[in-house]
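**Q** This is the structure I have questions about; it appears just below.
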Amino acid sequence: MTYDYRCFFSKGGCGNQMNVKHPMAEDPEVLCPECSKVMERQLFPTKFKFHNNLFGGISGDEPTRFIGKI
Ligand SMILES: [Zn+2]
């Protein structure tokens, strides 16, 4: 899996962002190559939220059927 890590201004970082590849089960501490602050992983891309809104709010009761319609 490739994850998007960001170095947040709000945490004293420099705003840098980069992709880090590691297994899903792992949660490594990623240090910014620019300023050596700890970077934060972006868990879910915004497009997942967009899909839920597009289909009028999915309850979560039938996730399999929801995927099958696409
Ligand atoms: Zn940084």
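So you can find residues: chains in the structure tokens are A, B, ... in the order shown, residues in each start at 1, and ligands are numbered from 1 in order.
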Can you tell me, as a PyMOL selection string, what residues are no more than 12 Å from A:Ser10 when counting only C-alpha atoms, ignoring any on the same chain fewer than 6 positions away?
**A** chain A and resi 37+39-40
**Q** Next, dump the selected residues to file, keeping only N, CA and C atoms, as a short mmCIF file (atom, residue, chain, number, x, y, z; two decimals), in the first residue's frame.
**A**
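Final output, out-v1.cif:
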```cif
data_model
loop_
_atom_site.label_atom_id
_atom_site.label_comp_id
_atom_site.auth_asym_id
_atom_site.auth_seq_id
_atom_site.Cartn_x
_atom_site.Cartn_y
_atom_site.Cartn_z
N LYS A 37 10.48 16.68 11.13
CA LYS A 37 9.31 16.54 11.99
C LYS A 37 8.59 15.23 11.64
N MET A 39 5.73 13.11 10.30
CA MET A 39 4.66 13.35 9.33
C MET A 39 3.42 12.55 9.70
N GLU A 40 2.25 13.02 9.26
CA GLU A 40 1.00 12.32 9.56
C GLU A 40 0.42 11.67 8.32
#
```
**Q** Using only C-alpha atoms and all ligand atoms, what does the table of chain A residues within 12 Å of ligand 1 look like, with each row giving the shortest atom pair and its distance in Å to one decimal, sorted by chain and ascending number, as a Markdown table?
**A**
```
| residue | atom | partner | partner_atom_place_in_ligand_line | distance |
| --- | --- | --- | --- | --- |
| A:Tyr5 | CA | ligand 1 | 1 (Zn) | 10.4 |
| A:Arg6 | CA | ligand 1 | 1 (Zn) | 7.9 |
| A:Cys7 | CA | ligand 1 | 1 (Zn) | 4.8 |
| A:Phe8 | CA | ligand 1 | 1 (Zn) | 7.3 |
| A:Phe9 | CA | ligand 1 | 1 (Zn) | 8.2 |
| A:Ser10 | CA | ligand 1 | 1 (Zn) | 11.1 |
| A:Lys11 | CA | ligand 1 | 1 (Zn) | 9.6 |
| A:Gly12 | CA | ligand 1 | 1 (Zn) | 8.1 |
| A:Gly13 | CA | ligand 1 | 1 (Zn) | 4.5 |
| A:Cys14 | CA | ligand 1 | 1 (Zn) | 4.0 |
| A:Gly15 | CA | ligand 1 | 1 (Zn) | 5.8 |
| A:Asn16 | CA | ligand 1 | 1 (Zn) | 5.1 |
| A:Gln17 | CA | ligand 1 | 1 (Zn) | 7.9 |
| A:Met18 | CA | ligand 1 | 1 (Zn) | 10.2 |
| A:Val30 | CA | ligand 1 | 1 (Zn) | 10.5 |
| A:Leu31 | CA | ligand 1 | 1 (Zn) | 7.8 |
| A:Cys32 | CA | ligand 1 | 1 (Zn) | 4.6 |
| A:Pro33 | CA | ligand 1 | 1 (Zn) | 6.6 |
| A:Glu34 | CA | ligand 1 | 1 (Zn) | 4.9 |
| A:Cys35 | CA | ligand 1 | 1 (Zn) | 4.2 |
| A:Ser36 | CA | ligand 1 | 1 (Zn) | 6.1 |
| A:Lys37 | CA | ligand 1 | 1 (Zn) | 5.6 |
| A:Val38 | CA | ligand 1 | 1 (Zn) | 7.9 |
| A:Met39 | CA | ligand 1 | 1 (Zn) | 7.4 |
| A:Glu40 | CA | ligand 1 | 1 (Zn) | 10.5 |
```
**Q** Write the residues of the preceding selection, restricted to N, CA and C atoms, as a PDB file, in the first residue's frame.
**A**
```pdb
ATOM      1  N   TYR A   5       1.630  10.963   3.145  1.00  0.00           N
ATOM      2  CA  TYR A   5       2.026  11.554   4.430  1.00  0.00           C
ATOM      3  C   TYR A   5       2.226  13.045   4.268  1.00  0.00           C
ATOM      4  N   ARG A   6       1.823  13.784   5.290  1.00  0.00           N
ATOM      5  CA  ARG A   6       1.994  15.223   5.228  1.00  0.00           C
ATOM      6  C   ARG A   6       2.667  15.776   6.473  1.00  0.00           C
ATOM      7  N   CYS A   7       3.417  16.831   6.248  1.00  0.00           N
ATOM      8  CA  CYS A   7       4.119  17.531   7.315  1.00  0.00           C
ATOM      9  C   CYS A   7       3.338  18.824   7.563  1.00  0.00           C
ATOM     10  N   PHE A   8       2.521  18.837   8.602  1.00  0.00           N
ATOM     11  CA  PHE A   8       1.570  19.926   8.798  1.00  0.00           C
ATOM     12  C   PHE A   8       2.195  21.201   9.349  1.00  0.00           C
ATOM     13  N   PHE A   9       1.828  22.316   8.734  1.00  0.00           N
ATOM     14  CA  PHE A   9       2.227  23.627   9.247  1.00  0.00           C
ATOM     15  C   PHE A   9       1.754  23.787  10.682  1.00  0.00           C
ATOM     16  N   SER A  10       0.532  23.289  10.943  1.00  0.00           N
ATOM     17  CA  SER A  10      -0.075  23.471  12.264  1.00  0.00           C
ATOM     18  C   SER A  10       0.677  22.742  13.367  1.00  0.00           C
ATOM     19  N   LYS A  11       1.523  21.775  12.976  1.00  0.00           N
ATOM     20  CA  LYS A  11       2.306  21.035  13.979  1.00  0.00           C
ATOM     21  C   LYS A  11       3.762  21.482  13.959  1.00  0.00           C
ATOM     22  N   GLY A  12       4.014  22.608  13.330  1.00  0.00           N
ATOM     23  CA  GLY A  12       5.369  23.123  13.289  1.00  0.00           C
ATOM     24  C   GLY A  12       6.178  22.602  12.123  1.00  0.00           C
ATOM     25  N   GLY A  13       5.484  21.934  11.185  1.00  0.00           N
ATOM     26  CA  GLY A  13       6.158  21.372  10.023  1.00  0.00           C
ATOM     27  C   GLY A  13       6.301  22.358   8.896  1.00  0.00           C
ATOM     28  N   CYS A  14       6.768  21.852   7.753  1.00  0.00           N
ATOM     29  CA  CYS A  14       7.068  22.717   6.615  1.00  0.00           C
ATOM     30  C   CYS A  14       6.043  22.600   5.497  1.00  0.00           C
ATOM     31  N   GLY A  15       5.028  21.739   5.649  1.00  0.00           N
ATOM     32  CA  GLY A  15       4.014  21.602   4.621  1.00  0.00           C
ATOM     33  C   GLY A  15       4.359  20.593   3.540  1.00  0.00           C
ATOM     34  N   ASN A  16       5.488  19.933   3.699  1.00  0.00           N
ATOM     35  CA  ASN A  16       5.920  18.935   2.717  1.00  0.00           C
ATOM     36  C   ASN A  16       4.937  17.766   2.681  1.00  0.00           C
ATOM     37  N   GLN A  17       4.841  17.101   1.539  1.00  0.00           N
ATOM     38  CA  GLN A  17       4.058  15.879   1.477  1.00  0.00           C
ATOM     39  C   GLN A  17       4.718  14.882   0.561  1.00  0.00           C
ATOM     40  N   MET A  18       4.553  13.587   0.888  1.00  0.00           N
ATOM     41  CA  MET A  18       5.174  12.562   0.072  1.00  0.00           C
ATOM     42  C   MET A  18       4.445  11.236   0.246  1.00  0.00           C
ATOM     43  N   VAL A  30       7.111   8.290  10.273  1.00  0.00           N
ATOM     44  CA  VAL A  30       7.776   8.844   9.095  1.00  0.00           C
ATOM     45  C   VAL A  30       8.253  10.255   9.389  1.00  0.00           C
ATOM     46  N   LEU A  31       9.544  10.467   9.212  1.00  0.00           N
ATOM     47  CA  LEU A  31      10.096  11.792   9.469  1.00  0.00           C
ATOM     48  C   LEU A  31      10.258  12.562   8.165  1.00  0.00           C
ATOM     49  N   CYS A  32       9.905  13.828   8.213  1.00  0.00           N
ATOM     50  CA  CYS A  32      10.010  14.684   7.041  1.00  0.00           C
ATOM     51  C   CYS A  32      11.475  14.844   6.638  1.00  0.00           C
ATOM     52  N   PRO A  33      11.782  14.602   5.350  1.00  0.00           N
ATOM     53  CA  PRO A  33      13.158  14.745   4.881  1.00  0.00           C
ATOM     54  C   PRO A  33      13.623  16.194   4.871  1.00  0.00           C
ATOM     55  N   GLU A  34      12.656  17.122   4.912  1.00  0.00           N
ATOM     56  CA  GLU A  34      13.006  18.539   4.841  1.00  0.00           C
ATOM     57  C   GLU A  34      13.300  19.133   6.215  1.00  0.00           C
ATOM     58  N   CYS A  35      12.462  18.786   7.202  1.00  0.00           N
ATOM     59  CA  CYS A  35      12.595  19.445   8.502  1.00  0.00           C
ATOM     60  C   CYS A  35      12.660  18.466   9.682  1.00  0.00           C
ATOM     61  N   SER A  36      12.599  17.160   9.394  1.00  0.00           N
ATOM     62  CA  SER A  36      12.753  16.128  10.422  1.00  0.00           C
ATOM     63  C   SER A  36      11.619  16.061  11.448  1.00  0.00           C
ATOM     64  N   LYS A  37      10.482  16.681  11.131  1.00  0.00           N
ATOM     65  CA  LYS A  37       9.309  16.542  11.995  1.00  0.00           C
ATOM     66  C   LYS A  37       8.594  15.232  11.641  1.00  0.00           C
ATOM     67  N   VAL A  38       7.777  14.741  12.587  1.00  0.00           N
ATOM     68  CA  VAL A  38       7.002  13.535  12.310  1.00  0.00           C
ATOM     69  C   VAL A  38       5.843  13.880  11.372  1.00  0.00           C
ATOM     70  N   MET A  39       5.727  13.112  10.296  1.00  0.00           N
ATOM     71  CA  MET A  39       4.661  13.354   9.329  1.00  0.00           C
ATOM     72  C   MET A  39       3.422  12.547   9.701  1.00  0.00           C
ATOM     73  N   GLU A  40       2.246  13.017   9.256  1.00  0.00           N
ATOM     74  CA  GLU A  40       1.001  12.318   9.560  1.00  0.00           C
ATOM     75  C   GLU A  40       0.417  11.673   8.321  1.00  0.00           C
TER      76      GLU A  40
END
```
**Q** Might you pull out every residue within 9 Å of A:Met1, with only C-alpha atoms counted and same-chain residues fewer than 2 positions away left off, and present them as a tab-separated table (two decimals) with N, CA and C atoms, in the first residue's frame?
**A**
```
chain	number	residue	atom	x	y	z
A	3	TYR	N	0.87	5.25	0.98
A	3	TYR	CA	0.13	6.21	1.79
A	3	TYR	C	0.66	7.61	1.57
A	20	VAL	N	4.55	7.24	0.95
A	20	VAL	CA	5.37	6.24	1.63
A	20	VAL	C	4.72	4.88	1.45
A	21	LYS	N	5.52	3.90	1.05
A	21	LYS	CA	4.98	2.58	0.81
A	21	LYS	C	5.30	1.67	2.00
A	22	HIS	N	4.25	1.07	2.59
A	22	HIS	CA	4.45	0.11	3.67
A	22	HIS	C	3.20	-0.74	3.81
A	23	PRO	N	3.29	-1.91	4.44
A	23	PRO	CA	2.12	-2.79	4.62
A	23	PRO	C	1.02	-2.10	5.41
A	24	MET	N	-0.24	-2.48	5.14
A	24	MET	CA	-1.39	-1.86	5.79
A	24	MET	C	-1.34	-1.99	7.30
```
